[in-house]
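Participant: Please find model37.cif (mmCIF, C-alpha atoms; chains and numbers go by the auth columns) on the next line:
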```
data_target
loop_
_atom_site.group_PDB
_atom_site.id
_atom_site.type_symbol
_atom_site.label_atom_id
_atom_site.label_comp_id
_atom_site.label_asym_id
_atom_site.label_seq_id
_atom_site.Cartn_x
_atom_site.Cartn_y
_atom_site.Cartn_z
_atom_site.B_iso_or_equiv
_atom_site.auth_seq_id
_atom_site.auth_asym_id
ATOM 1 C CA MET A 1 210.072 -5.973 124.664 0.00 1 Z
ATOM 2 C CA ASP A 2 209.657 -3.469 121.869 0.00 2 Z
ATOM 3 C CA TRP A 3 205.994 -2.616 121.187 0.00 3 Z
ATOM 4 C CA LEU A 4 206.634 -3.370 117.505 0.00 4 Z
ATOM 5 C CA ASP A 5 207.696 -6.906 118.435 0.00 5 Z
ATOM 6 C CA SER A 6 204.305 -7.472 120.085 0.00 6 Z
ATOM 7 C CA VAL A 7 202.630 -7.293 116.683 0.00 7 Z
ATOM 8 C CA LYS A 8 202.234 -10.645 114.944 0.00 8 Z
ATOM 9 C CA TRP A 9 203.390 -9.672 111.476 0.00 9 Z
ATOM 10 C CA GLY A 10 202.147 -11.975 108.713 0.00 10 Z
ATOM 11 C CA ASP A 11 204.392 -14.157 106.575 0.00 11 Z
ATOM 12 C CA ASP A 12 204.699 -11.188 104.225 0.00 12 Z
ATOM 13 C CA GLY A 13 205.608 -8.909 107.164 0.00 13 Z
ATOM 14 C CA LEU A 14 202.269 -7.094 107.019 0.00 14 Z
ATOM 15 C CA VAL A 15 199.118 -6.611 109.086 0.00 15 Z
ATOM 16 C CA PRO A 16 195.853 -4.892 108.105 0.00 16 Z
ATOM 17 C CA ALA A 17 195.321 -1.386 109.494 0.00 17 Z
ATOM 18 C CA ILE A 18 191.861 0.155 109.784 0.00 18 Z
ATOM 19 C CA ALA A 19 191.407 3.921 109.640 0.00 19 Z
ATOM 20 C CA GLN A 20 188.275 4.952 111.553 0.00 20 Z
ATOM 21 C CA GLU A 21 187.132 8.569 111.597 0.00 21 Z
ATOM 22 C CA ALA A 22 187.361 9.804 115.195 0.00 22 Z
ATOM 23 C CA THR A 23 184.359 12.138 115.053 0.00 23 Z
ATOM 24 C CA THR A 24 181.833 10.010 113.146 0.00 24 Z
ATOM 25 C CA GLY A 25 183.079 6.478 113.795 0.00 25 Z
ATOM 26 C CA ASP A 26 182.966 5.835 110.043 0.00 26 Z
ATOM 27 C CA VAL A 27 185.357 3.155 108.844 0.00 27 Z
ATOM 28 C CA LEU A 28 187.199 4.998 106.095 0.00 28 Z
ATOM 29 C CA MET A 29 189.626 2.442 104.700 0.00 29 Z
ATOM 30 C CA VAL A 30 191.805 -0.567 105.338 0.00 30 Z
ATOM 31 C CA ALA A 31 195.372 -0.777 104.096 0.00 31 Z
ATOM 32 C CA TRP A 32 198.497 -2.645 105.166 0.00 32 Z
ATOM 33 C CA MET A 33 201.393 -1.825 107.440 0.00 33 Z
ATOM 34 C CA ASN A 34 204.779 -3.362 107.932 0.00 34 Z
ATOM 35 C CA ARG A 35 206.955 -2.697 110.959 0.00 35 Z
ATOM 36 C CA GLU A 36 208.469 0.446 109.507 0.00 36 Z
ATOM 37 C CA ALA A 37 205.061 1.832 108.472 0.00 37 Z
ATOM 38 C CA LEU A 38 203.690 1.393 111.988 0.00 38 Z
ATOM 39 C CA ALA A 39 206.782 2.956 113.536 0.00 39 Z
ATOM 40 C CA GLU A 40 206.502 5.909 111.140 0.00 40 Z
ATOM 41 C CA THR A 41 202.783 6.285 111.863 0.00 41 Z
ATOM 42 C CA ALA A 42 203.507 6.559 115.593 0.00 42 Z
ATOM 43 C CA ARG A 43 206.458 8.900 115.055 0.00 43 Z
ATOM 44 C CA ARG A 44 204.634 11.312 112.724 0.00 44 Z
ATOM 45 C CA GLY A 45 201.131 11.045 114.187 0.00 45 Z
ATOM 46 C CA GLU A 46 199.959 10.528 110.592 0.00 46 Z
ATOM 47 C CA ALA A 47 198.998 7.328 108.811 0.00 47 Z
ATOM 48 C CA VAL A 48 201.831 5.650 106.919 0.00 48 Z
ATOM 49 C CA TYR A 49 201.009 2.397 105.150 0.00 49 Z
ATOM 50 C CA TRP A 50 202.931 -0.139 103.102 0.00 50 Z
ATOM 51 C CA SER A 51 201.751 -0.012 99.513 0.00 51 Z
ATOM 52 C CA ARG A 52 201.595 -3.572 98.228 0.00 52 Z
ATOM 53 C CA SER A 53 201.168 -2.400 94.623 0.00 53 Z
ATOM 54 C CA ARG A 54 204.122 0.005 94.737 0.00 54 Z
ATOM 55 C CA GLN A 55 206.141 -2.003 97.270 0.00 55 Z
ATOM 56 C CA ARG A 56 207.145 1.039 99.277 0.00 56 Z
ATOM 57 C CA LEU A 57 206.081 3.089 102.274 0.00 57 Z
ATOM 58 C CA TRP A 58 203.054 5.206 101.510 0.00 58 Z
ATOM 59 C CA HIS A 59 202.477 8.325 103.564 0.00 59 Z
ATOM 60 C CA LYS A 60 198.746 8.678 103.011 0.00 60 Z
ATOM 61 C CA GLY A 61 198.067 12.052 101.417 0.00 61 Z
ATOM 62 C CA GLU A 62 201.538 12.431 99.914 0.00 62 Z
ATOM 63 C CA GLU A 63 199.945 13.013 96.491 0.00 63 Z
ATOM 64 C CA SER A 64 196.358 13.956 97.314 0.00 64 Z
ATOM 65 C CA GLY A 65 197.053 16.118 100.363 0.00 65 Z
ATOM 66 C CA HIS A 66 194.481 13.968 102.164 0.00 66 Z
ATOM 67 C CA VAL A 67 196.661 13.220 105.175 0.00 67 Z
ATOM 68 C CA GLN A 68 195.217 11.226 108.084 0.00 68 Z
ATOM 69 C CA THR A 69 196.033 12.630 111.515 0.00 69 Z
ATOM 70 C CA VAL A 70 196.245 9.729 113.965 0.00 70 Z
ATOM 71 C CA HIS A 71 194.777 10.244 117.444 0.00 71 Z
ATOM 72 C CA GLU A 72 194.950 6.708 118.723 0.00 72 Z
ATOM 73 C CA LEU A 73 196.460 3.349 117.799 0.00 73 Z
ATOM 74 C CA ARG A 74 194.907 0.097 118.955 0.00 74 Z
ATOM 75 C CA LEU A 75 195.905 -3.545 118.635 0.00 75 Z
ATOM 76 C CA ASP A 76 193.518 -6.487 118.679 0.00 76 Z
ATOM 77 C CA CYS A 77 193.587 -9.601 120.874 0.00 77 Z
ATOM 78 C CA ASP A 78 195.446 -11.659 118.269 0.00 78 Z
ATOM 79 C CA ALA A 79 197.909 -8.790 117.784 0.00 79 Z
ATOM 80 C CA ASP A 80 197.508 -8.978 114.031 0.00 80 Z
ATOM 81 C CA VAL A 81 195.211 -6.044 113.221 0.00 81 Z
ATOM 82 C CA ILE A 82 195.769 -2.318 113.893 0.00 82 Z
ATOM 83 C CA LEU A 83 192.903 0.127 114.455 0.00 83 Z
ATOM 84 C CA MET A 84 193.539 3.861 114.143 0.00 84 Z
ATOM 85 C CA LYS A 85 191.280 6.723 115.169 0.00 85 Z
ATOM 86 C CA VAL A 86 191.964 9.448 112.625 0.00 86 Z
ATOM 87 C CA THR A 87 190.978 12.833 111.312 0.00 87 Z
ATOM 88 C CA GLN A 88 190.804 12.746 107.526 0.00 88 Z
ATOM 89 C CA THR A 89 192.235 16.118 106.463 0.00 89 Z
ATOM 90 C CA GLY A 90 192.388 17.930 103.111 0.00 90 Z
ATOM 91 C CA HIS A 91 188.679 18.203 102.320 0.00 91 Z
ATOM 92 C CA GLU A 92 185.445 18.746 104.198 0.00 92 Z
ATOM 93 C CA PRO A 93 183.883 16.211 104.572 0.00 93 Z
ATOM 94 C CA GLY A 94 186.961 14.007 104.546 0.00 94 Z
ATOM 95 C CA ILE A 95 187.886 12.023 101.450 0.00 95 Z
ATOM 96 C CA ALA A 96 189.752 8.808 102.226 0.00 96 Z
ATOM 97 C CA CYS A 97 189.090 6.943 98.989 0.00 97 Z
ATOM 98 C CA HIS A 98 191.041 7.324 95.753 0.00 98 Z
ATOM 99 C CA THR A 99 187.668 7.398 93.965 0.00 99 Z
ATOM 100 C CA GLY A 100 186.947 10.764 95.618 0.00 100 Z
ATOM 101 C CA ARG A 101 184.495 9.311 98.121 0.00 101 Z
ATOM 102 C CA HIS A 102 184.379 9.754 101.895 0.00 102 Z
ATOM 103 C CA SER A 103 184.984 6.082 102.632 0.00 103 Z
ATOM 104 C CA CYS A 104 186.339 3.190 100.597 0.00 104 Z
ATOM 105 C CA PHE A 105 183.320 1.147 101.731 0.00 105 Z
ATOM 106 C CA PHE A 106 180.907 2.767 99.284 0.00 106 Z
ATOM 107 C CA ARG A 107 179.311 -0.444 98.017 0.00 107 Z
ATOM 108 C CA ARG A 108 176.474 -2.080 99.916 0.00 108 Z
ATOM 109 C CA TYR A 109 175.090 -5.556 99.348 0.00 109 Z
ATOM 110 C CA GLU A 110 171.485 -5.183 98.199 0.00 110 Z
ATOM 111 C CA GLY A 111 169.252 -7.481 96.221 0.00 111 Z
ATOM 112 C CA GLY A 112 172.013 -9.937 95.417 0.00 112 Z
ATOM 113 C CA ALA A 113 174.536 -7.366 94.165 0.00 113 Z
ATOM 114 C CA TRP A 114 176.979 -4.715 95.363 0.00 114 Z
ATOM 115 C CA GLN A 115 175.381 -1.307 94.874 0.00 115 Z
ATOM 116 C CA THR A 116 177.280 1.974 95.009 0.00 116 Z
ATOM 117 C CA VAL A 117 175.566 4.044 97.690 0.00 117 Z
ATOM 118 C CA GLU A 118 178.005 6.894 98.419 0.00 118 Z
ATOM 119 C CA PRO A 119 178.588 9.960 96.231 0.00 119 Z
ATOM 120 C CA VAL A 120 181.872 11.105 94.713 0.00 120 Z
ATOM 121 C CA LEU A 121 182.732 14.290 96.665 0.00 121 Z
ATOM 122 C CA LYS A 122 185.534 15.403 94.364 0.00 122 Z
ATOM 123 C CA ASP A 123 186.667 14.312 90.907 0.00 123 Z
ATOM 124 C CA PRO A 124 189.721 12.064 91.390 0.00 124 Z
ATOM 125 C CA GLU A 125 191.354 13.714 88.367 0.00 125 Z
ATOM 126 C CA SER A 126 191.442 16.980 90.295 0.00 126 Z
ATOM 127 C CA ILE A 127 192.743 15.219 93.409 0.00 127 Z
ATOM 128 C CA TYR A 128 195.705 13.498 91.735 0.00 128 Z
ATOM 129 C CA LYS A 129 197.132 16.107 89.398 0.00 129 Z
ATOM 130 C CA MET B 1 178.260 -11.713 87.444 0.00 1 M
ATOM 131 C CA ASP B 2 177.800 -13.306 90.831 0.00 2 M
ATOM 132 C CA TRP B 3 178.309 -10.828 93.695 0.00 3 M
ATOM 133 C CA LEU B 4 180.714 -13.321 95.270 0.00 4 M
ATOM 134 C CA ASP B 5 182.869 -13.197 92.133 0.00 5 M
ATOM 135 C CA SER B 6 183.232 -9.427 92.565 0.00 6 M
ATOM 136 C CA VAL B 7 185.264 -9.992 95.713 0.00 7 M
ATOM 137 C CA LYS B 8 189.011 -10.208 95.144 0.00 8 M
ATOM 138 C CA TRP B 9 189.795 -13.230 97.274 0.00 9 M
ATOM 139 C CA GLY B 10 193.422 -13.467 98.387 0.00 10 M
ATOM 140 C CA ASP B 11 195.812 -16.214 97.330 0.00 11 M
ATOM 141 C CA ASP B 12 194.558 -18.172 100.334 0.00 12 M
ATOM 142 C CA GLY B 13 190.943 -17.571 99.267 0.00 13 M
ATOM 143 C CA LEU B 14 190.315 -15.172 102.150 0.00 14 M
ATOM 144 C CA VAL B 15 189.555 -11.497 102.782 0.00 15 M
ATOM 145 C CA PRO B 16 189.440 -9.616 106.094 0.00 16 M
ATOM 146 C CA ALA B 17 185.969 -8.861 107.456 0.00 17 M
ATOM 147 C CA ILE B 18 185.362 -6.077 109.988 0.00 18 M
ATOM 148 C CA ALA B 19 182.461 -6.286 112.445 0.00 19 M
ATOM 149 C CA GLN B 20 181.343 -2.799 113.463 0.00 20 M
ATOM 150 C CA GLU B 21 178.636 -2.316 116.069 0.00 21 M
ATOM 151 C CA ALA B 22 175.685 -0.647 114.369 0.00 22 M
ATOM 152 C CA THR B 23 174.531 1.422 117.348 0.00 23 M
ATOM 153 C CA THR B 24 177.876 2.696 118.694 0.00 24 M
ATOM 154 C CA GLY B 25 180.117 2.512 115.626 0.00 25 M
ATOM 155 C CA ASP B 26 182.660 0.573 117.710 0.00 26 M
ATOM 156 C CA VAL B 27 184.929 -1.699 115.714 0.00 27 M
ATOM 157 C CA LEU B 28 184.446 -4.996 117.529 0.00 28 M
ATOM 158 C CA MET B 29 186.705 -7.420 115.683 0.00 29 M
ATOM 159 C CA VAL B 30 188.312 -8.447 112.438 0.00 30 M
ATOM 160 C CA ALA B 31 188.311 -12.021 111.214 0.00 31 M
ATOM 161 C CA TRP B 32 188.534 -13.726 107.824 0.00 32 M
ATOM 162 C CA MET B 33 185.996 -14.913 105.300 0.00 33 M
ATOM 163 C CA ASN B 34 186.193 -17.199 102.333 0.00 34 M
ATOM 164 C CA ARG B 35 183.553 -17.354 99.626 0.00 35 M
ATOM 165 C CA GLU B 36 181.391 -19.822 101.530 0.00 36 M
ATOM 166 C CA ALA B 37 181.613 -17.808 104.767 0.00 37 M
ATOM 167 C CA LEU B 38 180.428 -14.663 103.021 0.00 38 M
ATOM 168 C CA ALA B 39 177.609 -16.517 101.269 0.00 39 M
ATOM 169 C CA GLU B 40 176.542 -18.031 104.598 0.00 40 M
ATOM 170 C CA THR B 41 176.719 -14.634 106.328 0.00 41 M
ATOM 171 C CA ALA B 42 174.355 -13.169 103.738 0.00 42 M
ATOM 172 C CA ARG B 43 172.033 -16.170 103.829 0.00 43 M
ATOM 173 C CA ARG B 44 171.746 -16.316 107.632 0.00 44 M
ATOM 174 C CA GLY B 45 171.998 -12.605 108.412 0.00 45 M
ATOM 175 C CA GLU B 46 174.585 -13.615 111.018 0.00 46 M
ATOM 176 C CA ALA B 47 178.363 -13.407 110.856 0.00 47 M
ATOM 177 C CA VAL B 48 180.079 -16.556 109.612 0.00 48 M
ATOM 178 C CA TYR B 49 183.860 -16.459 109.340 0.00 49 M
ATOM 179 C CA TRP B 50 186.563 -18.834 108.191 0.00 50 M
ATOM 180 C CA SER B 51 188.622 -19.908 111.168 0.00 51 M
ATOM 181 C CA ARG B 52 192.239 -20.028 110.056 0.00 52 M
ATOM 182 C CA SER B 53 193.293 -21.865 113.228 0.00 53 M
ATOM 183 C CA ARG B 54 190.606 -24.521 112.948 0.00 54 M
ATOM 184 C CA GLN B 55 190.423 -24.500 109.137 0.00 55 M
ATOM 185 C CA ARG B 56 186.658 -24.582 109.055 0.00 56 M
ATOM 186 C CA LEU B 57 183.618 -22.305 108.878 0.00 57 M
ATOM 187 C CA TRP B 58 183.013 -20.547 112.160 0.00 58 M
ATOM 188 C CA HIS B 59 179.511 -19.330 112.916 0.00 59 M
ATOM 189 C CA LYS B 60 180.385 -16.635 115.431 0.00 60 M
ATOM 190 C CA GLY B 61 178.644 -17.422 118.709 0.00 61 M
ATOM 191 C CA GLU B 62 178.305 -21.157 118.039 0.00 62 M
ATOM 192 C CA GLU B 63 180.019 -21.863 121.377 0.00 63 M
ATOM 193 C CA SER B 64 179.655 -18.599 123.280 0.00 64 M
ATOM 194 C CA GLY B 65 176.122 -17.731 122.204 0.00 65 M
ATOM 195 C CA HIS B 66 177.520 -14.336 121.202 0.00 66 M
ATOM 196 C CA VAL B 67 176.032 -14.320 117.711 0.00 67 M
ATOM 197 C CA GLN B 68 176.448 -11.238 115.513 0.00 68 M
ATOM 198 C CA THR B 69 173.294 -10.165 113.693 0.00 69 M
ATOM 199 C CA VAL B 70 174.327 -8.575 110.398 0.00 70 M
ATOM 200 C CA HIS B 71 172.394 -5.495 109.253 0.00 71 M
ATOM 201 C CA GLU B 72 174.561 -4.449 106.362 0.00 72 M
ATOM 202 C CA LEU B 73 177.447 -5.755 104.261 0.00 73 M
ATOM 203 C CA ARG B 74 179.844 -3.405 102.516 0.00 74 M
ATOM 204 C CA LEU B 75 182.751 -3.923 100.134 0.00 75 M
ATOM 205 C CA ASP B 76 185.680 -1.549 99.710 0.00 76 M
ATOM 206 C CA CYS B 77 187.046 0.048 96.534 0.00 77 M
ATOM 207 C CA ASP B 78 189.669 -2.663 96.033 0.00 78 M
ATOM 208 C CA ALA B 79 187.010 -5.334 96.665 0.00 79 M
ATOM 209 C CA ASP B 80 189.253 -7.089 99.147 0.00 80 M
ATOM 210 C CA VAL B 81 187.819 -6.064 102.535 0.00 81 M
ATOM 211 C CA ILE B 82 184.292 -6.628 103.916 0.00 82 M
ATOM 212 C CA LEU B 83 182.667 -4.299 106.458 0.00 83 M
ATOM 213 C CA MET B 84 179.641 -5.498 108.416 0.00 84 M
ATOM 214 C CA LYS B 85 177.284 -3.438 110.570 0.00 85 M
ATOM 215 C CA VAL B 86 176.242 -5.791 113.347 0.00 86 M
ATOM 216 C CA THR B 87 174.417 -6.184 116.623 0.00 87 M
ATOM 217 C CA GLN B 88 176.527 -8.152 119.077 0.00 88 M
ATOM 218 C CA THR B 89 174.012 -10.362 120.868 0.00 89 M
ATOM 219 C CA GLY B 90 174.252 -12.608 123.944 0.00 90 M
ATOM 220 C CA HIS B 91 175.310 -10.080 126.556 0.00 91 M
ATOM 221 C CA GLU B 92 174.626 -6.454 127.377 0.00 92 M
ATOM 222 C CA PRO B 93 176.864 -4.635 126.545 0.00 93 M
ATOM 223 C CA GLY B 94 177.973 -6.854 123.687 0.00 94 M
ATOM 224 C CA ILE B 95 181.015 -9.097 124.047 0.00 95 M
ATOM 225 C CA ALA B 96 182.781 -9.748 120.756 0.00 96 M
ATOM 226 C CA CYS B 97 186.183 -10.788 122.115 0.00 97 M
ATOM 227 C CA HIS B 98 187.124 -14.256 123.339 0.00 98 M
ATOM 228 C CA THR B 99 188.803 -12.521 126.310 0.00 99 M
ATOM 229 C CA GLY B 100 185.341 -11.443 127.534 0.00 100 M
ATOM 230 C CA ARG B 101 185.761 -7.838 126.429 0.00 101 M
ATOM 231 C CA HIS B 102 183.433 -5.690 124.347 0.00 102 M
ATOM 232 C CA SER B 103 185.917 -5.269 121.499 0.00 103 M
ATOM 233 C CA CYS B 104 189.028 -7.148 120.450 0.00 104 M
ATOM 234 C CA PHE B 105 190.805 -3.783 120.163 0.00 105 M
ATOM 235 C CA PHE B 106 191.328 -3.387 123.895 0.00 106 M
ATOM 236 C CA ARG B 107 194.994 -2.397 123.759 0.00 107 M
ATOM 237 C CA ARG B 108 195.989 1.214 123.137 0.00 108 M
ATOM 238 C CA TYR B 109 199.442 2.475 122.269 0.00 109 M
ATOM 239 C CA GLU B 110 200.589 4.743 125.110 0.00 110 M
ATOM 240 C CA GLY B 111 204.033 5.743 126.231 0.00 111 M
ATOM 241 C CA GLY B 112 205.819 3.363 123.920 0.00 112 M
ATOM 242 C CA ALA B 113 203.799 0.261 124.825 0.00 113 M
ATOM 243 C CA TRP B 114 200.425 -1.412 124.276 0.00 114 M
ATOM 244 C CA GLN B 115 198.268 -0.836 127.348 0.00 115 M
ATOM 245 C CA THR B 116 195.071 -2.740 128.098 0.00 116 M
ATOM 246 C CA VAL B 117 192.359 -0.100 128.466 0.00 117 M
ATOM 247 C CA GLU B 118 189.086 -2.051 128.320 0.00 118 M
ATOM 248 C CA PRO B 119 187.607 -4.172 131.106 0.00 119 M
ATOM 249 C CA VAL B 120 186.708 -7.851 130.994 0.00 120 M
ATOM 250 C CA LEU B 121 182.884 -7.890 131.093 0.00 121 M
ATOM 251 C CA LYS B 122 182.539 -11.611 131.700 0.00 122 M
ATOM 252 C CA ASP B 123 184.995 -14.332 132.682 0.00 123 M
ATOM 253 C CA PRO B 124 185.868 -16.259 129.488 0.00 124 M
ATOM 254 C CA GLU B 125 185.739 -19.509 131.472 0.00 125 M
ATOM 255 C CA SER B 126 182.031 -18.941 132.026 0.00 126 M
ATOM 256 C CA ILE B 127 181.528 -18.006 128.361 0.00 127 M
ATOM 257 C CA TYR B 128 183.113 -21.141 126.886 0.00 128 M
ATOM 258 C CA LYS B 129 181.878 -23.956 129.016 0.00 129 M
#
```
Go ahead and express the file in the form of structure tokens.

Facilitator:
Amino acid sequence: MDWLDSVKWGDDGLVPAIAQEATTGDVLMVAWMNREALAETARRGEAVYWSRSRQRLWHKGEESGHVQTVHELRLDCDADVILMKVTQTGHEPGIACHTGRHSCFFRRYEGGAWQTVEPVLKDPESIYK
Amino acid sequence: MDWLDSVKWGDDGLVPAIAQEATTGDVLMVAWMNREALAETARRGEAVYWSRSRQRLWHKGEESGHVQTVHELRLDCDADVILMKVTQTGHEPGIACHTGRHSCFFRRYEGGAWQTVEPVLKDPESIYK
């Protein structure tokens, strides 16, 4: 059986994929993959997602240069979530978020509200030119 | 605006929620939350998910005793994924997976296939009695 057939793709053909920084363990982002995106990720050794907004394959870093090198791919017990160990390239420290922050998870629940607790490392306007 | 209204719930009213072990950074599992599950998680300080298979709130550990203490809740830039920093209680080392393993992500892609690379720490039959 093909390893891609082992994945339980959702009704929309997608599963969530987590990018976790290999060195720090930081969860950088979650995006979506279809079968082709996962196959491409394994082939290239770089994260390729399915962009739901643009409805096309999205080689992370194609515009920003912030490519994610993939060291390891994991599948969960229900076979419907992918976990990747990555190196976030293109900036030091790595910028995974389109807001110019290290991680997309920059809001923390505090005092009954979501508070932004991570700094912008680079102006997004200078990332996407 | 209510912090729960800031979350972009999917068409099914759900968002993925990642449980990450606070001490090790290990990604333990991903499950789903609806509005009530997230509110309950914050209120209790313990992970409460929405079980899609059982179509009801699922207080993690209600059967196994493997409760997840929640130290921190984060929201991503698109406001459609939750990240929790947790302590996986009930066993040492923590068992998050219903298969009796530490993490649900126990399969690694190697040589064209998913290989099981993490041991069973406790027989599931003795966990769910």

Participant: Evaluate the PyMOL selection byres ((chain Z) within 6 of (chain M)) on the structure here and hand back the selected residues as a PyMOL selection string.

Facilitator: chain Z and resi 3+25+73-77+104-105+107-109+113

Participant: Rank nothing, just name the residue among M:Glu21, M:Glu36, M:Asp12, M:Glu46 nearest to M:Ile95, using all atoms listed in the file.

Facilitator: M:Glu21

Participant: Around all of stretch 9-23 of chain Z's listed atoms, make the axis-aligned box with 3 Å on each side and tell me centre and edge lengths in Å to one decimal, as lines of an AutoDock Vina configuration file.

Facilitator:
```
center_x = 195.0
center_y = -1.0
center_z = 109.7
size_x = 27.2
size_y = 32.3
size_z = 17.0
```

Participant: May I have the protein, DNA and RNA residues with an atom at most 8 Å from (184.7, -14.0, 108.3), counting only C-alpha atoms in the file's coordinates, returned as a list in words?

Facilitator: Val15, Pro16, Ala17, Val30, Ala31, Trp32, Met33, Asn34, Ala37, Leu38, Ala47, Val48, Tyr49, Trp50, Ser51 and Trp58 of chain M

Participant: For M:Gln68, which residue out of M:Ala96, M:Ile127, M:Ala39, M:Val120 is the nearest one, using all atoms listed in the file?

Facilitator: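 Among the listed residues, the smallest separation from M:Gln68 belongs to M:Ala96.
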
Participant: Which distance in Å separates atom CA of M:Glu63 and atom CA of M:Lys122, to one decimal?

Facilitator: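 Separating atom CA of M:Glu63 from atom CA of M:Lys122 is a distance of 14.8 Å.
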
Participant: Measuring between only C-alpha atoms, which one of M:Gly90, M:Gly100, M:Gly45, M:Gly13 shows the shortest distance to M:Thr69?

Facilitator: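 The shortest atom-to-atom distance to M:Thr69 comes from M:Gly45.
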
Participant: Which residue out of M:Lys60, M:Gln88, M:Asp11, M:Val67 has the minimum interatomic distance to M:Thr23 when all atoms listed in the file are used?

Facilitator: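 Answer, going by the shortest atom-to-atom distance: M:Gln88.
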
Participant: With distances taken over all atoms listed in the file, which residue among Z:Thr41, Z:His71, Z:Leu14, Z:His66 lies nearest Z:His102?

Facilitator: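 Ranked by minimum distance to Z:His102, first place goes to Z:His66.
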
Participant: In Å, with one decimal, what is the gap from atom CA of M:Pro93 to atom CA of M:Arg44?

Facilitator: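 Interatomic distance, atom CA of M:Pro93 to atom CA of M:Arg44: 22.8 Å.
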
Participant: Out of M:Gly10, M:Gly94, M:Val70, M:Ser64, which residue has the shortest atom-to-atom distance to M:Pro124 when counting all atoms listed in the file?

Facilitator: M:Ser64
